[in-house]
Each structure stands twice: as structure tokens, then as C-alpha cells.
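Structure first, then comments.
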Number of protein chains: 2
Amino acid sequence: MDVVLVRWPEEDARLRQLRETGSPRLLLLNGESEPPESADCLEDWIRLPADDRDVRARVARLASRSETQQPAPQVDGDGLLRYRGRWVALSPVESALAITLVDRFGAVVGRDTLARRAWPEGTPTRNALDVHMLRLRRRISPLGVEVRTVRSRGYLMQAAQPRADAQ
Amino acid sequence: MDVVLVRWPEEDARLRQLRETGSPRLLLLNGESEPPESADCLEDWIRLPADDRDVRARVARLASRSETQQPAPQVDGDGLLRYRGRWVALSPVESALAITLVDRFGAVVGRDTLARRAWPEGTPTRNALDVHMLRLRRRISPLGVEVRTVRSRGYLMQAAQPRADAQ
DNA sequence: AAACACCGTTCACCGCGGCGAAACAGTCGC
DNA sequence: GCGACTGTTTCGCCGCGGTGAACGGTGTTT
């Protein structure tokens with residue numbers, strides 16, 4: 001959803017309307033105006049005159065918040081996994097697995113579900129899924145996407161997170 | 001909860017710590033630094049030099065948010081305990097315990113209740129519950145969630161508090 | 001006050017099974 | 001024939017659940 005820029009306090013009526021509809025909005029404070037008191041996470045403000053970088057940063061932050069979900073990758077018909085403007089080519093088996101994981105991005109997908117999607121006729125070996133998951137992991141890691149294992153439950157695809165052991 | 005002022009980028013280590021614990025924080029940007037990209041509603045920033053009114057307004061807004069936002073963790077169907085955008089995987093026994101505790105988040109749950117949920121057939125050993133509670137504690141601590149003991153009453157799950165000795 | 005039972009924490013250990021990873025081999029297309 | 005894709009085997013780590021034991025704090029009994 002687009003972030004709306006509102007001059008304040010001039011456009012107070014417009015602000016009320018945006019608050020009603022829950023649109024993300026950035027108030028541009030003129031001169032000596034007092035900052036508004038709203039605690040709404042989708043409302044922010046900045047005092048003019050302001051650095052253009054700062055305005056863009058606040059707009060970006062509001063936009064990011066308004067998207068409750070982080071954007072999911074896409075797998076197109078040619079087996080390309082696209083994410084944040086970059087892409088990698090996947091093999092047929094990896095495509096089937098990636099499509100299933102992207103479909104439930106951020107949630108766990110069971111091993112049996114993945115196996116059925118990749119091999120409708122029947123899984124070749126128990127270990128085959130592990131091996132292909134390993135290969136998929138390595139292929140998509142340059143894009144900043146990772147597949148996490150949830151033991152005895154399945155796998156979960158998500159945006160790569162910085163390792164927490166760096167303290 | 002008090003809002004913490006952080007010089008940035010100088011006090012980056014401190015910022016990471018505050019993000020871990022979910023403390024509301026206001027970053028004071030020095031000179032030409034780029035604004036940080038966090039979309040966290042409990043984080044805000046302002047570029048120095050700044051009007052004192054503006055700093056106070058942003059601090060007040062963060063404080064107001066931290067009071068109204070006391071979300072409970074969630075345990076999804078796949079044994080993942082989610083809290084403030086992060087998650088950890090729980091084992092089956094830990095899931096049963098966590099679900100019971102989350103269900104009464106912030107209140108005491110009796111040991112017998114927990115034991116019945118985890119082992120409907122009967123508790124294996126006297127201290128089995130203790131051991132699994134210890135493991136649950138360690139697993140969820142990175143998320144900023146803790147389980148406190150209320151002697152002869154049971155256990156209580158809550159958001160982790162830095163210095164809980166003053167009780 | 002000392003002795004004691006009770007409760008809770010933490011550790012070490014074991015058996016089991018899920019999963020990771022490497023190495024190897026077979027197949028297919030260019 | 002070369003490289004990409006796939007399947008298989010093998011090895012081994014480590015998470016999980018259960019158990020026993022040591023330790024410490026607390027309240028009760030003698």
C-alpha cells in the first residue's frame with residue numbers, strides 16, 4: 001500500500017480521513033507546529049525542512065509496516081526463483097519443492113507433502129528428499145532465502161536471518 | 001517501560017541488545033548517518049541536532065506504544081512458538097507445555113495441569129516436568145520470553161524482564 | 001536451634017530416530 | 001564426451017525423551 005504524504009496542520013481533514021481508512025501516512029510538519037500525538041504505527045511525522053533521505057527512509061518504513069507479510073519469492077513457469085530483483089535457475093525437482101515451500105512461505109511444510117509434489121508416483125528413497133533439499137538450500141542461499149528444518153515436522157522457507165550466535 | 005536513547009551508529013552493540021529484549025528505543029543519528037531500516041514499531045530515530053520538543057514527542061509516542069502492545073506469544077499447529085516476528089521450534093512435549101502456558105499468558109498454571117496436558121496417560125517420573133520445563137526455558141529465552149516459578153503453585157510465562165529480582 | 005522432609009533446579013547419561021552431508025553412479029541433453 | 005540432473009548408499013551428528021542423582025532453598029517437626 002502506498003504511503004500518503006500529508007501537510008500538517010493544513011490538511012487536517014485529509015489526515016482524519018486517512019486515519020479512518022488505516023492508510024499509512026507521513027505528516028510533513030510546517031515550521032513551529034507541535035508534533036501530533038498519535039501512537040498509531042502506520043503514522044509518522046517529520047519536521048520541515050528535512051533531508052530527502054530522511055523522508056524516503058520514513059516512507060519506506062511505513063510501507064514496510066503496512067505490508068503485514070514480508071514479500072515472498074516467486075517461481076515462474078521456467079523454473080526461475082525470483083526474489084528482490086534477483087533470480088536463480090532451479091532444476092525440475094527443486095522447482096517442485098520450491099513452489100510448495102513458496103506457497104506457504106514462512107510456514108512449515110511437511111516432508112510428505114513435499115515428497116508427493118516432487119514425486120507423485122512415489123518417493124524414490126527416504127534420503128532423496130534430504131539430498132534435494134540440501135541442493136535447493138545451496139542454490140537459493142545467494143538470494144537471501146533460506147530453508148529451515150523443523151525436526152519431525154518438515155521444512156520452512158523464509159528470508160535469511162543473520163545468525164544469532166554472533167554476539 | 002522506559003524509552004532508551006541510543007547514539008547511532010556509535011552504540012550499535014547496545015542497539016542490538018535492546019532489539020533482542022524488545023525495549024522501546026529512540027536512535028539519535030549523528031551527522032550524516034543513514035537512518036536504520038528496522039520496521040519495528042518500538043524503534044524510532046531522529047537526526048541530530050534536533051528540537052527538544054521533537055525528541056520528547058517521539059519518546060512519548062514510543063512509550064505509549066510499549067504500554068499498549070503486550071502481545072502474547074503464539075504456538076502454531078506445527079510446534080513453532082512465535083513472538084515478535086521470530087520463532088523457535090518446540091518438541092512435542094514442549095509444545096504441549098507451551099500451549100498451556102501461552103493460554104494463560106501472564107498467569108500461573110499449576111504443575112498438575114501442565115503434567116496432565118503433556119502426559120494424559122500419567123507423568124513418567126516425578127521430575128520429568130521439571131526437566132522439560134528447564135529445556136523449554138532455555139529454548140524460548142532467545143525470544144525474550146521466560147517462565148517463572150511460583151513455588152507450590154506452578155509456573156508463569158511472561159515477557160522476559162531484565163532485572164526481575166526486585167519483586 | 002537442629003534435624004528433617006519436601007520441592008524445585010540442574011546436570012550427566014542413555015537409546016532412539018530424524019536428518020545432514022559427502023561420495024558415487026546412472027541418465028539425459030547439447 | 002562433457003556437464004547438469006537425479007538417485008542411492010553410507011556415515012555420523014544431534015535432537016528428543018526418559019532416568020537417576022546431586023544440590024540448594026523452604027517450611028515443619030522435634
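To be explicit about the labels: the chains of the C-alpha cells are called A, B, and onward in the order shown, and within each one the residues are counted from 1, while ligands get numbers from 1 in the order they are shown.
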Closest atom pairs, chain A residues within 8 Å of chain D, only C-alpha atoms (C1' of nucleotides), as a tab-separated table:
residue	atom	partner	partner_atom	distance
A:Ser91	CA	D:DC5	C1'	7.2
A:Pro124	CA	D:DG7	C1'	7.3
A:Thr125	CA	D:DT8	C1'	7.7
A:Ala128	CA	D:DG7	C1'	6.9
A:Arg151	CA	D:DG15	C1'	7.9
Write out, as a Markdown table, each residue of chain C that has an atom at most 12 Å from chain B, together with the closest pair of atoms and their distance in Å to one decimal, counting only C-alpha atoms (C1' of nucleotides), rows going by chain and rising number.
| residue | atom | partner | partner_atom | distance |
| --- | --- | --- | --- | --- |
| C:DC6 | C1' | B:Ser152 | CA | 10.4 |
| C:DC7 | C1' | B:Ser152 | CA | 7.6 |
| C:DG8 | C1' | B:Asp130 | CA | 7.4 |
| C:DT9 | C1' | B:Asp130 | CA | 7.7 |
| C:DT10 | C1' | B:Leu134 | CA | 8.3 |
| C:DC11 | C1' | B:Val131 | CA | 10.3 |
Given identical sequences, what C-alpha RMSD separates chain B from chain A after least-squares superposition over all Cα in order? 11.6 Å
With DSSP run on the backbone, what are the strand (DSSP E) residues within region 2-165 of chain B? I'd like them as a ChimeraX atom specification. /B:4-8,25-29,43-47,74-75,80-83,86-89,108-109,145-150,154-159
Residues within 9 Å of region 6-23 of chain A, only C-alpha atoms (C1' of nucleotides), excluding chain neighbours under 5 positions, as a list in words: Met1, Leu28, Leu29, Asn30, Ser33, Asp40, Leu42, Glu43 and Ser66 of chain A
Could you save those same residues with C-alpha atoms as a tab-separated table (two decimals), in the first residue's frame?
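And here is the file that came out, again_8.tsv:
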chain	number	residue	atom	x	y	z
A	1	MET	CA	0.00	0.00	0.00
A	28	LEU	CA	5.10	16.96	6.96
A	29	LEU	CA	5.23	19.44	9.82
A	30	ASN	CA	5.37	23.08	8.85
A	33	SER	CA	3.84	23.15	14.64
A	40	ASP	CA	-0.54	4.53	15.51
A	42	LEU	CA	1.12	3.47	10.48
A	43	GLU	CA	1.53	7.17	11.18
A	66	SER	CA	1.78	-1.70	6.08
Residues of chain A within 10 Å of chain B: nearest atom pair and distance (Å, one decimal) for each, counting only C-alpha atoms, sorted by chain and number, as a tab-separated table?
residue	atom	partner	partner_atom	distance
A:Glu34	CA	B:Arg53	CA	7.9
A:Pro35	CA	B:Ala57	CA	6.5
A:Pro36	CA	B:Ala57	CA	8.0
A:Glu37	CA	B:Arg61	CA	6.8
A:Ser38	CA	B:Arg61	CA	7.2
A:Ala39	CA	B:Arg61	CA	5.4
A:Asp40	CA	B:Arg65	CA	7.9
A:Cys41	CA	B:Cys41	CA	5.8
A:Leu42	CA	B:Cys41	CA	8.8
A:Asp44	CA	B:Arg58	CA	9.6
A:Trp45	CA	B:Arg58	CA	9.5
A:Ile46	CA	B:Ile46	CA	8.9
A:Arg47	CA	B:Asp54	CA	8.5
A:Ala50	CA	B:Arg47	CA	9.7
A:Asp51	CA	B:Arg47	CA	9.5
A:Arg53	CA	B:Glu34	CA	7.9
A:Asp54	CA	B:Pro35	CA	6.9
A:Arg56	CA	B:Pro35	CA	9.8
A:Ala57	CA	B:Pro35	CA	6.6
A:Arg58	CA	B:Pro35	CA	8.6
A:Ala60	CA	B:Glu37	CA	8.3
A:Arg61	CA	B:Ala39	CA	5.4
A:Leu62	CA	B:Ala39	CA	7.5
A:Ala63	CA	B:Ala39	CA	9.0
A:Ser64	CA	B:Ala39	CA	6.3
A:Arg65	CA	B:Ala39	CA	5.9
A:Ser66	CA	B:Ala39	CA	9.7
A:Ala107	CA	B:Asp78	CA	8.4
A:Val108	CA	B:Asp78	CA	6.6
A:Val109	CA	B:Asp78	CA	8.9
A:Gly110	CA	B:Asp78	CA	9.2
A:Thr149	CA	B:Ala89	CA	9.1
A:Val150	CA	B:Ala89	CA	6.2
A:Arg151	CA	B:Ala89	CA	7.9
A:Ser152	CA	B:Ser91	CA	8.8
A:Arg153	CA	B:Asp78	CA	6.7
A:Gly154	CA	B:Asp78	CA	8.7
A:Gln161	CA	B:Arg86	CA	9.9
A:Ala164	CA	B:Pro142	CA	8.9
A:Gln167	CA	B:Ala13	CA	8.8
As an NGL selection string, which residues of region 7-115 of chain B does DSSP assign to helix (DSSP H, G or I)? :B and (12-21 or 52-68 or 92-103 or 111-115)
Take the residues from that selection and write them out as a CSV table (one decimal), in the first residue's frame, keeping N, CA and C atoms.
chain,number,residue,atom,x,y,z
B,12,ASP,N,26.0,0.7,18.5
B,12,ASP,CA,25.4,-0.3,17.7
B,12,ASP,C,25.2,-1.6,18.5
B,13,ALA,N,26.2,-1.9,19.3
B,13,ALA,CA,26.1,-3.2,20.2
B,13,ALA,C,24.9,-3.0,21.1
B,14,ARG,N,24.8,-1.8,21.7
B,14,ARG,CA,23.7,-1.6,22.7
B,14,ARG,C,22.3,-1.7,21.9
B,15,LEU,N,22.3,-1.2,20.7
B,15,LEU,CA,21.0,-1.3,20.0
B,15,LEU,C,20.6,-2.7,19.7
B,16,ARG,N,21.6,-3.6,19.4
B,16,ARG,CA,21.2,-5.0,19.1
B,16,ARG,C,20.6,-5.6,20.4
B,17,GLN,N,21.2,-5.2,21.5
B,17,GLN,CA,20.7,-5.8,22.8
B,17,GLN,C,19.3,-5.4,23.0
B,18,LEU,N,19.0,-4.1,22.8
B,18,LEU,CA,17.7,-3.6,23.0
B,18,LEU,C,16.7,-4.2,22.1
B,19,ARG,N,17.1,-4.5,20.8
B,19,ARG,CA,16.2,-5.1,19.9
B,19,ARG,C,15.9,-6.5,20.4
B,20,GLU,N,16.9,-7.2,20.9
B,20,GLU,CA,16.7,-8.5,21.5
B,20,GLU,C,15.6,-8.6,22.5
B,21,THR,N,15.7,-7.6,23.4
B,21,THR,CA,14.7,-7.6,24.6
B,21,THR,C,13.4,-6.9,24.2
B,52,ASP,N,14.2,19.9,21.0
B,52,ASP,CA,13.9,19.1,22.1
B,52,ASP,C,12.4,18.7,22.2
B,53,ARG,N,11.5,19.5,21.7
B,53,ARG,CA,10.1,19.1,21.7
B,53,ARG,C,10.0,17.8,20.8
B,54,ASP,N,10.7,17.8,19.7
B,54,ASP,CA,10.5,16.7,18.8
B,54,ASP,C,11.0,15.4,19.4
B,55,VAL,N,12.2,15.5,20.1
B,55,VAL,CA,12.7,14.3,20.8
B,55,VAL,C,11.7,13.8,21.9
B,56,ARG,N,11.1,14.7,22.6
B,56,ARG,CA,10.2,14.4,23.7
B,56,ARG,C,8.9,13.7,23.0
B,57,ALA,N,8.5,14.3,21.9
B,57,ALA,CA,7.3,13.8,21.3
B,57,ALA,C,7.5,12.4,20.8
B,58,ARG,N,8.7,12.1,20.2
B,58,ARG,CA,9.0,10.7,19.8
B,58,ARG,C,9.1,9.7,20.9
B,59,VAL,N,9.7,10.2,22.0
B,59,VAL,CA,9.9,9.3,23.2
B,59,VAL,C,8.5,9.0,23.7
B,60,ALA,N,7.6,10.0,23.8
B,60,ALA,CA,6.3,9.8,24.3
B,60,ALA,C,5.5,8.8,23.4
B,61,ARG,N,5.7,8.9,22.2
B,61,ARG,CA,5.0,8.1,21.3
B,61,ARG,C,5.5,6.6,21.4
B,62,LEU,N,6.8,6.4,21.6
B,62,LEU,CA,7.3,5.1,21.8
B,62,LEU,C,6.8,4.5,23.1
B,63,ALA,N,6.8,5.4,24.2
B,63,ALA,CA,6.3,4.9,25.5
B,63,ALA,C,4.9,4.5,25.4
B,64,SER,N,4.1,5.3,24.7
B,64,SER,CA,2.6,4.9,24.6
B,64,SER,C,2.5,3.6,23.9
B,65,ARG,N,3.3,3.4,22.8
B,65,ARG,CA,3.1,2.1,22.1
B,65,ARG,C,3.5,0.9,23.0
B,66,SER,N,4.6,1.1,23.7
B,66,SER,CA,5.1,0.0,24.5
B,66,SER,C,4.1,-0.4,25.6
B,67,GLU,N,3.3,0.5,26.0
B,67,GLU,CA,2.3,0.2,27.1
B,67,GLU,C,1.1,-0.5,26.5
B,68,THR,N,0.7,-0.1,25.3
B,68,THR,CA,-0.5,-0.7,24.7
B,68,THR,C,-0.2,-2.0,24.0
B,92,PRO,N,7.5,-32.0,20.8
B,92,PRO,CA,6.1,-32.3,21.1
B,92,PRO,C,5.8,-32.0,22.6
B,93,VAL,N,6.6,-32.5,23.5
B,93,VAL,CA,6.3,-32.2,24.9
B,93,VAL,C,6.3,-30.8,25.2
B,94,GLU,N,7.3,-30.1,24.7
B,94,GLU,CA,7.5,-28.7,25.0
B,94,GLU,C,6.3,-27.9,24.4
B,95,SER,N,5.8,-28.4,23.2
B,95,SER,CA,4.6,-27.7,22.6
B,95,SER,C,3.4,-27.8,23.6
B,96,ALA,N,3.2,-29.0,24.1
B,96,ALA,CA,2.1,-29.1,25.0
B,96,ALA,C,2.2,-28.2,26.2
B,97,LEU,N,3.3,-28.1,26.7
B,97,LEU,CA,3.5,-27.2,27.9
B,97,LEU,C,3.4,-25.8,27.5
B,98,ALA,N,4.0,-25.4,26.4
B,98,ALA,CA,3.9,-24.0,25.9
B,98,ALA,C,2.5,-23.6,25.6
B,99,ILE,N,1.8,-24.5,25.0
B,99,ILE,CA,0.4,-24.1,24.6
B,99,ILE,C,-0.4,-23.8,25.9
B,100,THR,N,-0.2,-24.7,26.9
B,100,THR,CA,-0.9,-24.4,28.2
B,100,THR,C,-0.5,-23.1,28.8
B,101,LEU,N,0.8,-22.8,28.8
B,101,LEU,CA,1.3,-21.6,29.4
B,101,LEU,C,0.8,-20.4,28.7
B,102,VAL,N,0.9,-20.4,27.3
B,102,VAL,CA,0.5,-19.3,26.5
B,102,VAL,C,-1.0,-19.0,26.7
B,103,ASP,N,-1.7,-20.1,26.9
B,103,ASP,CA,-3.2,-20.0,27.0
B,103,ASP,C,-3.5,-19.1,28.2
B,111,ARG,N,1.2,-27.2,38.3
B,111,ARG,CA,2.0,-28.3,37.8
B,111,ARG,C,1.2,-29.4,37.4
B,112,ASP,N,0.1,-29.7,38.1
B,112,ASP,CA,-0.7,-30.8,37.7
B,112,ASP,C,-1.4,-30.6,36.4
B,113,THR,N,-1.8,-29.4,36.1
B,113,THR,CA,-2.4,-29.0,34.8
B,113,THR,C,-1.5,-29.3,33.7
B,114,LEU,N,-0.2,-28.8,33.9
B,114,LEU,CA,0.8,-29.0,32.9
B,114,LEU,C,1.1,-30.4,32.7
B,115,ALA,N,1.2,-31.2,33.8
B,115,ALA,CA,1.5,-32.6,33.6
B,115,ALA,C,0.4,-33.3,32.9
